[in-house]
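*Asks:* Structure: my_file.txt, compact mmCIF, C-alpha atoms.
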# COMPACT_ATOMS: atom_id res chain seq x y z
CA MET A 18 26.34 -6.56 22.42
CA ASN A 19 29.36 -4.27 22.85
CA GLU A 20 30.22 -4.62 19.15
CA PHE A 21 26.77 -3.28 18.20
CA VAL A 22 27.10 -0.29 20.54
CA SER A 23 30.65 0.31 19.29
CA ASN A 24 29.42 0.30 15.68
CA ILE A 25 26.67 2.80 16.51
CA GLU A 26 29.14 5.06 18.35
CA LYS A 27 31.43 4.93 15.33
CA LYS A 28 28.60 6.10 13.06
CA ILE A 29 27.84 8.96 15.47
CA LYS A 30 31.51 10.05 15.44
CA TYR A 31 31.51 10.08 11.64
CA TYR A 32 28.30 12.12 11.66
CA LYS A 33 29.63 14.67 14.19
CA PHE A 34 32.95 14.99 12.35
CA PHE A 35 31.12 15.56 9.08
CA LYS A 36 28.97 18.29 10.67
CA LEU A 37 32.09 19.98 12.03
CA ILE A 38 33.75 19.98 8.59
CA LEU A 39 30.54 21.28 7.06
CA ILE A 40 30.34 24.17 9.55
CA ILE A 41 33.97 25.10 8.85
CA LEU A 42 33.29 25.11 5.11
CA LEU A 43 30.16 27.23 5.52
CA ILE A 44 32.00 29.76 7.71
CA SER A 45 34.80 29.98 5.15
CA ALA A 46 32.22 30.70 2.47
CA ILE A 47 30.75 33.75 4.24
CA PRO A 48 33.55 36.21 3.27
CA LEU A 49 33.42 34.96 -0.30
CA LEU A 50 29.66 35.47 -0.45
CA ALA A 51 30.12 39.02 0.81
CA MET A 52 32.17 39.68 -2.32
CA ARG A 53 29.16 38.60 -4.43
CA ARG A 54 31.23 36.77 -6.96
CA THR A 55 29.79 34.03 -9.13
CA GLY A 56 32.49 31.59 -8.04
CA ALA A 57 31.61 32.18 -4.39
CA ILE A 58 27.93 31.45 -5.00
CA ILE A 59 28.79 28.23 -6.83
CA TYR A 60 31.15 27.28 -3.97
CA PHE A 61 28.34 27.85 -1.45
CA ILE A 62 25.86 25.79 -3.49
CA VAL A 63 28.37 22.91 -3.74
CA ILE A 64 28.88 22.98 0.05
CA VAL A 65 25.12 22.89 0.70
CA PHE A 66 24.65 20.04 -1.77
CA PHE A 67 27.58 18.17 -0.25
CA GLY A 68 26.08 18.71 3.21
CA LEU A 69 22.64 17.41 2.27
CA ILE A 70 23.97 14.28 0.55
CA GLY A 71 26.58 13.52 3.20
CA SER A 72 24.15 14.04 6.07
CA HIS A 73 21.61 11.73 4.43
CA VAL A 74 24.17 8.96 3.87
CA LEU A 75 25.58 9.12 7.40
CA LYS A 76 22.12 9.22 9.00
CA LYS A 77 21.14 6.18 6.94
CA GLN A 78 24.25 4.31 8.11
CA TYR A 79 23.44 5.22 11.72
CA LYS A 80 19.86 3.98 11.36
CA GLN A 81 21.00 0.72 9.79
CA ALA A 82 23.46 0.16 12.64
CA CYS A 83 20.71 0.79 15.23
CA MET A 84 18.23 -1.52 13.51
CA GLN A 85 20.84 -4.26 13.12
CA ALA A 86 21.68 -3.97 16.82
CA GLU A 87 18.01 -4.31 17.75
CA VAL A 88 17.31 -7.26 15.45
CA CYS A 89 20.48 -9.15 16.36
CA THR A 90 19.97 -8.54 20.09
CA ASN A 91 16.52 -10.11 19.91
CA ALA A 92 17.69 -12.89 17.61
CA SER A 93 20.27 -13.79 20.22
CA ASP A 94 17.61 -13.68 22.96
CA PHE A 95 14.91 -15.72 21.22
CA LEU A 96 16.56 -17.71 18.44
CA GLY A 97 20.04 -18.56 19.73
CA SER A 98 22.47 -19.09 16.87
CA TYR A 99 21.61 -16.96 13.82
CA THR A 100 22.89 -15.03 10.81
CA TYR A 101 21.76 -11.54 9.82
CA THR A 102 21.38 -9.88 6.42
CA ALA A 103 20.28 -6.26 6.07
CA SER A 104 18.60 -6.86 2.69
CA GLN A 105 17.92 -9.98 0.64
CA SER A 106 16.47 -10.22 -2.87
CA VAL A 107 13.59 -12.57 -3.57
CA SER A 108 13.29 -14.42 -6.86
CA GLY A 109 9.85 -14.98 -8.31
CA ASN A 110 6.48 -14.39 -6.66
CA LEU A 111 6.93 -14.57 -2.88
CA THR A 112 3.22 -14.84 -2.07
CA GLU A 113 2.88 -17.79 -4.45
CA SER A 114 6.15 -19.54 -3.49
CA LEU A 115 5.14 -19.53 0.19
CA GLY A 116 1.62 -20.76 -0.52
CA PHE A 117 -0.20 -17.58 0.50
CA THR A 118 -1.88 -16.98 -2.86
CA PRO A 119 -2.34 -18.61 -6.26
CA SER A 120 -0.37 -17.19 -9.17
CA ILE A 121 -1.22 -13.48 -9.34
CA PRO A 122 0.51 -10.44 -10.90
CA VAL A 123 2.58 -9.39 -7.88
CA ALA A 124 5.69 -7.24 -8.38
CA ARG A 125 8.64 -9.59 -8.70
CA ASP A 126 11.45 -7.25 -7.66
CA GLN A 127 10.78 -8.02 -4.01
CA ARG A 128 13.20 -7.80 -1.11
CA LEU A 129 13.25 -8.93 2.48
CA PHE A 130 14.79 -6.56 5.01
CA HIS A 131 16.55 -7.27 8.31
CA VAL A 132 16.53 -10.98 7.51
CA VAL A 133 17.43 -13.48 10.22
CA HIS A 134 18.30 -17.10 9.47
CA ALA A 135 18.19 -19.56 12.34
CA GLU A 136 16.65 -22.91 13.30
CA MET A 137 13.32 -23.82 14.86
CA ASN A 138 12.81 -27.36 16.09
CA GLY A 139 15.85 -28.41 14.07
CA CYS A 140 14.43 -26.98 10.81
CA PRO A 141 15.71 -23.97 8.78
CA PHE A 142 13.98 -20.78 9.90
CA GLU A 143 13.86 -17.41 8.12
CA ILE A 144 12.19 -14.15 9.08
CA GLY A 145 12.16 -10.79 7.31
CA GLU A 146 10.20 -7.61 6.78
CA THR A 147 8.69 -6.88 3.38
CA ALA A 148 5.90 -5.21 1.44
CA PHE A 149 3.78 -6.66 -1.35
CA VAL A 150 2.87 -4.70 -4.47
CA ARG A 151 0.18 -5.70 -6.95
CA ARG A 152 1.89 -5.28 -10.32
CA ASP A 153 -1.20 -4.39 -12.35
CA THR A 154 -2.12 -1.54 -9.99
CA GLY A 155 1.34 -0.45 -8.83
CA ASN A 156 0.06 0.34 -5.35
CA LEU A 157 1.67 -0.70 -2.08
CA ILE A 158 -0.92 -3.05 -0.66
CA ALA A 159 0.39 -4.92 2.36
CA GLY A 160 3.53 -4.80 4.46
CA GLY A 161 4.66 -6.66 7.54
CA THR A 162 6.68 -9.62 8.77
CA VAL A 163 7.10 -12.87 6.85
CA LEU A 164 8.54 -15.96 8.52
CA THR A 165 9.07 -19.48 7.19
CA VAL A 166 10.03 -22.74 8.85
CA LYS A 167 11.21 -25.07 6.07
CA ASN A 168 10.96 -28.87 5.81
CA CYS A 169 8.81 -29.18 8.93
CA LEU A 170 5.46 -30.36 7.49
CA PRO A 171 4.19 -33.18 5.27
CA LEU A 172 4.47 -32.30 1.58
CA GLN A 173 0.83 -33.20 0.87
CA GLU A 174 -0.52 -30.53 3.22
CA ASP A 175 -1.40 -27.51 1.07
CA PHE A 176 -3.65 -24.79 2.48
CA VAL A 177 -3.72 -21.17 3.64
CA ILE A 178 -5.69 -19.45 6.40
CA LEU A 179 -6.50 -15.77 5.87
CA GLN A 180 -7.48 -14.08 9.12
CA LYS A 181 -9.13 -10.64 9.11
CA ASP A 182 -8.93 -10.45 5.33
CA ALA A 183 -5.15 -10.69 5.12
CA PHE A 184 -3.88 -9.71 1.65
CA LYS A 185 -7.01 -7.64 1.06
CA GLY A 186 -6.51 -5.70 -2.16
CA ILE A 187 -3.57 -7.79 -3.27
CA VAL A 188 -5.68 -10.85 -4.08
CA ASN A 189 -9.36 -11.28 -4.76
CA LEU A 190 -10.88 -14.29 -3.01
CA ASN A 191 -12.39 -15.36 -6.34
CA GLU A 192 -8.84 -15.84 -7.65
CA TYR A 193 -8.43 -18.76 -5.23
CA ASN A 194 -11.58 -20.36 -6.60
CA HIS A 195 -10.51 -19.85 -10.21
CA ALA A 196 -7.16 -21.52 -9.39
CA GLY A 197 -8.96 -24.61 -8.06
CA TRP A 198 -8.59 -23.92 -4.35
CA GLN A 199 -11.47 -25.06 -2.13
CA ILE A 200 -12.99 -23.27 0.86
CA GLN A 201 -12.76 -25.25 4.11
CA SER A 202 -15.77 -24.83 6.36
CA ASP A 203 -14.48 -26.17 9.70
CA LEU A 204 -12.08 -23.62 11.22
CA HIS A 205 -12.84 -24.29 14.88
CA PRO A 206 -11.82 -22.72 17.24
CA ILE A 207 -11.35 -19.72 14.90
CA SER A 208 -14.53 -17.85 14.09
CA ARG A 209 -15.56 -18.29 10.45
CA ASN A 210 -16.60 -14.63 10.51
CA ASN A 211 -12.98 -13.75 11.27
CA ALA A 212 -11.08 -16.08 8.94
CA ILE A 213 -11.30 -18.15 5.78
CA CYS A 214 -9.28 -21.13 4.59
CA PHE A 215 -8.48 -22.16 1.02
CA SER A 216 -6.99 -25.55 0.30
CA VAL A 217 -5.84 -27.54 -2.70
CA GLN A 218 -6.77 -30.79 -0.91
CA GLU A 219 -10.22 -31.67 0.41
CA GLN A 220 -9.53 -32.08 4.13
CA PRO A 221 -6.10 -30.94 5.37
CA SER A 222 -5.23 -32.93 8.49
CA LEU A 223 -3.12 -30.12 9.96
CA LEU A 224 -5.79 -27.43 9.57
CA PRO A 225 -7.31 -27.93 13.06
CA LEU A 226 -3.84 -27.62 14.64
CA PHE A 227 -3.14 -24.38 12.75
CA CYS A 228 -6.51 -23.00 13.87
CA THR A 229 -5.86 -23.96 17.49
CA GLY A 230 -2.45 -22.28 17.43
CA ILE A 231 -3.83 -19.09 15.91
CA SER A 232 -6.71 -18.93 18.41
CA GLU A 233 -4.24 -19.30 21.30
CA GLU A 234 -1.44 -17.01 20.16
CA MET A 235 -2.69 -14.42 17.64
CA PRO A 236 -6.51 -14.45 17.46
CA GLU A 237 -6.82 -10.72 16.68
CA GLU A 238 -3.95 -10.21 14.23
CA VAL A 239 -4.32 -9.63 10.51
CA LEU A 240 -2.34 -12.63 9.29
CA ALA A 241 -1.96 -15.42 6.79
CA ALA A 242 -0.78 -18.90 7.80
CA ALA A 243 0.17 -21.37 5.08
CA SER A 244 1.28 -24.96 4.77
CA TYR A 245 2.96 -25.42 1.41
CA ASN A 246 5.69 -27.60 -0.04
CA GLY A 247 6.62 -28.93 3.40
CA SER A 248 7.02 -25.47 4.95
CA LEU A 249 5.11 -23.42 7.50
CA SER A 250 4.84 -19.74 6.55
CA LEU A 251 3.26 -16.79 8.32
CA PHE A 252 2.61 -13.23 7.20
CA ILE A 253 1.66 -10.80 9.98
CA GLN A 254 0.40 -7.64 8.31
CA GLY A 255 1.44 -4.31 9.79
CA ARG A 256 3.84 -5.83 12.33
CA TYR A 257 7.59 -5.15 12.26
CA TYR A 258 10.48 -5.90 14.58
CA SER A 259 13.06 -3.22 13.65
CA ASP A 260 12.52 0.35 14.85
CA ASP A 261 13.70 3.18 12.62
CA PRO A 262 15.29 5.83 14.91
CA ASP A 263 14.03 9.34 14.23
CA LYS A 264 17.24 11.13 15.26
CA VAL A 265 20.93 10.52 15.86
CA ILE A 266 21.50 9.99 19.59
CA PRO A 267 24.06 8.05 21.66
CA VAL A 268 23.09 4.44 22.37
CA ASN A 269 24.19 2.01 25.05
CA ALA A 270 23.39 -1.64 25.68
CA GLU A 271 20.44 -0.71 27.92
CA ASN A 272 18.85 1.43 25.20
CA ILE A 273 18.59 -1.41 22.69
CA PRO A 274 14.95 -2.65 22.70
CA HIS A 275 14.29 -6.25 23.77
CA HIS A 276 11.19 -7.82 22.24
CA ASP A 277 10.11 -11.00 20.49
CA PHE A 278 9.65 -11.46 16.75
CA PRO A 279 6.04 -11.26 15.45
CA GLY A 280 4.71 -14.75 14.79
CA ARG A 281 7.59 -16.67 16.36
CA LYS A 282 5.49 -17.99 19.25
CA LEU A 283 2.69 -18.93 16.86
CA ALA A 284 5.04 -20.93 14.63
CA GLU A 285 6.51 -22.71 17.65
CA ARG A 286 3.03 -23.46 19.02
CA ILE A 287 1.82 -24.94 15.74
CA LEU A 288 4.89 -27.16 15.50
CA GLN A 289 4.40 -28.20 19.13
CA LEU A 290 0.78 -29.16 18.46
CA ILE A 291 1.86 -31.18 15.41
CA GLN A 292 4.51 -33.01 17.44
CA GLU A 293 2.01 -33.76 20.21
CA GLN A 294 -0.43 -35.14 17.63
CA ASN A 295 2.30 -37.32 16.09
CA ASP A 296 3.27 -38.66 19.52
CA LYS A 297 -0.38 -39.44 20.26
CA ASP A 298 -0.80 -41.26 16.95
CA GLN A 299 2.28 -43.39 17.62
CA THR A 300 1.00 -44.53 21.01
CA VAL A 301 -2.36 -45.64 19.61
Let's see the structure in the file written out as structure tokens.
*Replies:*
Amino acid sequence: MNEFVSNIEKKIKYYKFFKLILIILLISAIPLLAMRRTGAIIYFIVIVFFGLIGSHVLKKQYKQACMQAEVCTNASDFLGSYTYTASQSVSGNLTESLGFTPSIPVARDQRLFHVVHAEMNGCPFEIGETAFVRRDTGNLIAGGTVLTVKNCLPLQEDFVILQKDAFKGIVNLNEYNHAGWQIQSDLHPISRNNAICFSVQEQPSLLPLFCTGISEEMPEEVLAAASYNGSLSLFIQGRYYSDDPDKVIPVNAENIPHHDFPGRKLAERILQLIQEQNDKDQTV
């Protein structure tokens, strides 16, 4: 914790020192401007340009330090051992590779931000913030938190639940049908008016457990929950876990926000329900 606060304080010192230098340079330019020489005007313009660029860079570094402190503090609280990456490139179509959508023209230059790698129930866990862009329209469609627990589900389970029209605008529901996905009718205890499920297989055995978990933990969220290639993936639209500070202010350990990651409890609950079902099947 102290290392995060120390890093933030260091960024603030850099920012204050830069402002002091900038003020000194601007004061030194005043007599030259009074002489109305071309060189003085150019000197003043260079100082202003230098001030704008430098201030932007140092503020960005401060914000990154604050967001890292917040994310890592909560990762330590809720995930235990972890690694953090400020930005991570994604190869290919993320919505397709996680089982959220069939193959659609989504922008492929995607990135995950404030990425945390950890473990959940002994399986690799990854969470990040991102935004999805439909390539043929070029519009920002959906942003939020994406999390994946890898190698935790049977490979044959292949379905996605879209609650409250998650991915609206980025994928047309007819595109699932054209790709051979089938609509599942039994989503109890989730209301069918609130969610829809598409599946490659006829009757996914884990679907009821996913629906139970969603109804217990996040019944009102705009989200997608997918089982694909042995992994559990969630996309919670409009929910983020890193706060972008609006101004440069001193920070101490008590100022760093403590809160859970969106979707973490839901992922844990689904895995718990699956484990309970497996234990029940073994005793029969």
*Asks:* From the set A:Pro221, A:Pro267, A:Pro279, A:Gly56, which residue has the shortest atom-to-atom contact distance to Glu238 in chain A, counting only C-alpha atoms?
*Replies:*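 Closest to Glu238 in chain A of all the choices is A:Pro279.
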*Asks:* Between A:Ala183, A:Ala82, A:Tyr101, A:Ile38, which residue has the minimum interatomic distance to Ile144 in chain A, considering only C-alpha atoms?
*Replies:*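 The answer is A:Tyr101, which sits nearest to Ile144 in chain A.
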*Asks:* For Leu190 in chain A, find every residue with an atom within 12 Å (counting all atoms listed in the file), except residues of its own chain fewer than 4 positions away, and show them as a list in words.
*Replies:* Phe117, Thr118, Pro119, Ile121, Val177, Ile178, Leu179, Asp182, Ala183, Phe184, Lys185, Gly186, Asn194, His195, Ala196, Gly197, Trp198, Gln199, Ile200, Ile213, Cys214 and Phe215 of chain A
*Asks:* Smallest atom-to-atom distance to Gly139 in chain A: which of A:Val107, A:Asp296, A:Ile41, A:Leu96, using only C-alpha atoms?
*Replies:*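 Looking only at the distances to Gly139 in chain A, the closest residue turns out to be A:Leu96.
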*Asks:* To one decimal in Å, tell me the separation between CA of Arg209 in chain A and CA of Glu234 in chain A.
*Replies:*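 Separation of CA of Arg209 in chain A and CA of Glu234 in chain A: 17.2 Å.
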*Asks:* So, counting all atoms listed in the file, which residue among A:Tyr245, A:Ile25, A:Met137, A:Ser208 is closest to Arg281 in chain A?
*Replies:*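 Among A:Tyr245, A:Ile25, A:Met137, A:Ser208, it is A:Met137 that comes nearest to Arg281 in chain A.
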*Asks:* Counting all atoms listed in the file, which of A:Gln127, A:Leu39, A:His275, A:Asp203 gets nearest to Asp260 in chain A?
*Replies:*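 The shortest atom-to-atom distance to Asp260 in chain A comes from A:His275.
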*Asks:* Would it be fine to have range 214-239 of chain A, with N, CA, C and O atoms, given as a CSV table (one decimal), in the first residue's frame?
*Replies:*
chain,number,residue,atom,x,y,z
A,214,CYS,N,-31.0,-16.7,-24.4
A,214,CYS,CA,-29.9,-17.6,-24.4
A,214,CYS,C,-29.7,-18.2,-25.8
A,214,CYS,O,-30.7,-18.7,-26.4
A,215,PHE,N,-28.5,-18.2,-26.4
A,215,PHE,CA,-28.2,-18.9,-27.6
A,215,PHE,C,-27.2,-19.9,-27.3
A,215,PHE,O,-26.2,-19.7,-26.5
A,216,SER,N,-27.4,-21.1,-27.9
A,216,SER,CA,-26.5,-22.2,-27.7
A,216,SER,C,-26.2,-23.0,-29.0
A,216,SER,O,-27.0,-23.1,-29.8
A,217,VAL,N,-25.0,-23.5,-29.0
A,217,VAL,CA,-24.6,-24.3,-30.2
A,217,VAL,C,-25.2,-25.7,-29.9
A,217,VAL,O,-25.5,-26.4,-30.9
A,218,GLN,N,-25.3,-26.2,-28.7
A,218,GLN,CA,-25.8,-27.5,-28.4
A,218,GLN,C,-27.3,-27.4,-28.0
A,218,GLN,O,-27.8,-26.3,-27.8
A,219,GLU,N,-28.0,-28.5,-28.0
A,219,GLU,CA,-29.4,-28.5,-27.8
A,219,GLU,C,-29.8,-28.1,-26.4
A,219,GLU,O,-30.7,-27.3,-26.2
A,220,GLN,N,-29.3,-28.8,-25.4
A,220,GLN,CA,-29.6,-28.6,-24.0
A,220,GLN,C,-28.4,-28.5,-23.1
A,220,GLN,O,-27.9,-29.5,-22.6
A,221,PRO,N,-27.8,-27.3,-23.0
A,221,PRO,CA,-26.6,-27.2,-22.1
A,221,PRO,C,-27.0,-27.5,-20.7
A,221,PRO,O,-27.9,-27.0,-20.1
A,222,SER,N,-26.2,-28.4,-20.1
A,222,SER,CA,-26.5,-28.9,-18.7
A,222,SER,C,-26.2,-27.8,-17.7
A,222,SER,O,-26.7,-27.8,-16.6
A,223,LEU,N,-25.2,-26.9,-18.0
A,223,LEU,CA,-24.9,-25.9,-17.0
A,223,LEU,C,-25.7,-24.6,-17.1
A,223,LEU,O,-25.6,-23.7,-16.3
A,224,LEU,N,-26.6,-24.5,-18.1
A,224,LEU,CA,-27.4,-23.4,-18.3
A,224,LEU,C,-28.3,-23.0,-17.0
A,224,LEU,O,-28.3,-21.9,-16.6
A,225,PRO,N,-29.0,-24.0,-16.4
A,225,PRO,CA,-29.7,-23.7,-15.2
A,225,PRO,C,-28.9,-23.1,-14.1
A,225,PRO,O,-29.3,-22.2,-13.3
A,226,LEU,N,-27.6,-23.6,-13.9
A,226,LEU,CA,-26.8,-23.1,-12.9
A,226,LEU,C,-26.3,-21.6,-13.2
A,226,LEU,O,-26.2,-20.8,-12.2
A,227,PHE,N,-26.0,-21.3,-14.4
A,227,PHE,CA,-25.7,-20.0,-14.8
A,227,PHE,C,-26.9,-19.0,-14.5
A,227,PHE,O,-26.7,-18.0,-13.9
A,228,CYS,N,-28.1,-19.5,-14.9
A,228,CYS,CA,-29.3,-18.7,-14.6
A,228,CYS,C,-29.6,-18.4,-13.1
A,228,CYS,O,-29.9,-17.3,-12.7
A,229,THR,N,-29.3,-19.5,-12.3
A,229,THR,CA,-29.5,-19.3,-10.9
A,229,THR,C,-28.5,-18.3,-10.3
A,229,THR,O,-28.9,-17.5,-9.5
A,230,GLY,N,-27.3,-18.4,-10.8
A,230,GLY,CA,-26.2,-17.5,-10.3
A,230,GLY,C,-26.6,-16.1,-10.7
A,230,GLY,O,-26.4,-15.2,-9.8
A,231,ILE,N,-27.0,-15.9,-11.9
A,231,ILE,CA,-27.3,-14.5,-12.3
A,231,ILE,C,-28.5,-13.9,-11.6
A,231,ILE,O,-28.5,-12.8,-11.1
A,232,SER,N,-29.5,-14.8,-11.3
A,232,SER,CA,-30.7,-14.3,-10.6
A,232,SER,C,-30.4,-14.0,-9.2
A,232,SER,O,-31.0,-13.1,-8.6
A,233,GLU,N,-29.4,-14.6,-8.6
A,233,GLU,CA,-29.0,-14.3,-7.2
A,233,GLU,C,-28.1,-13.1,-7.1
A,233,GLU,O,-28.2,-12.4,-6.1
A,234,GLU,N,-27.1,-13.0,-8.0
A,234,GLU,CA,-26.1,-12.0,-7.8
A,234,GLU,C,-26.3,-10.7,-8.7
A,234,GLU,O,-25.9,-9.6,-8.2
A,235,MET,N,-26.7,-10.9,-9.9
A,235,MET,CA,-26.8,-9.7,-10.8
A,235,MET,C,-28.0,-9.7,-11.7
A,235,MET,O,-27.9,-9.7,-12.9
A,236,PRO,N,-29.2,-9.8,-11.1
A,236,PRO,CA,-30.5,-9.9,-11.8
A,236,PRO,C,-30.8,-8.7,-12.7
A,236,PRO,O,-31.6,-8.8,-13.6
A,237,GLU,N,-30.3,-7.5,-12.3
A,237,GLU,CA,-30.7,-6.3,-13.0
A,237,GLU,C,-29.6,-5.7,-13.9
A,237,GLU,O,-29.8,-4.6,-14.4
A,238,GLU,N,-28.5,-6.3,-13.9
A,238,GLU,CA,-27.3,-5.8,-14.7
A,238,GLU,C,-27.5,-6.1,-16.2
A,238,GLU,O,-28.1,-7.1,-16.6
A,239,VAL,N,-27.0,-5.2,-17.0
A,239,VAL,CA,-26.8,-5.5,-18.5
A,239,VAL,C,-25.6,-6.3,-18.6
A,239,VAL,O,-24.5,-5.8,-18.5
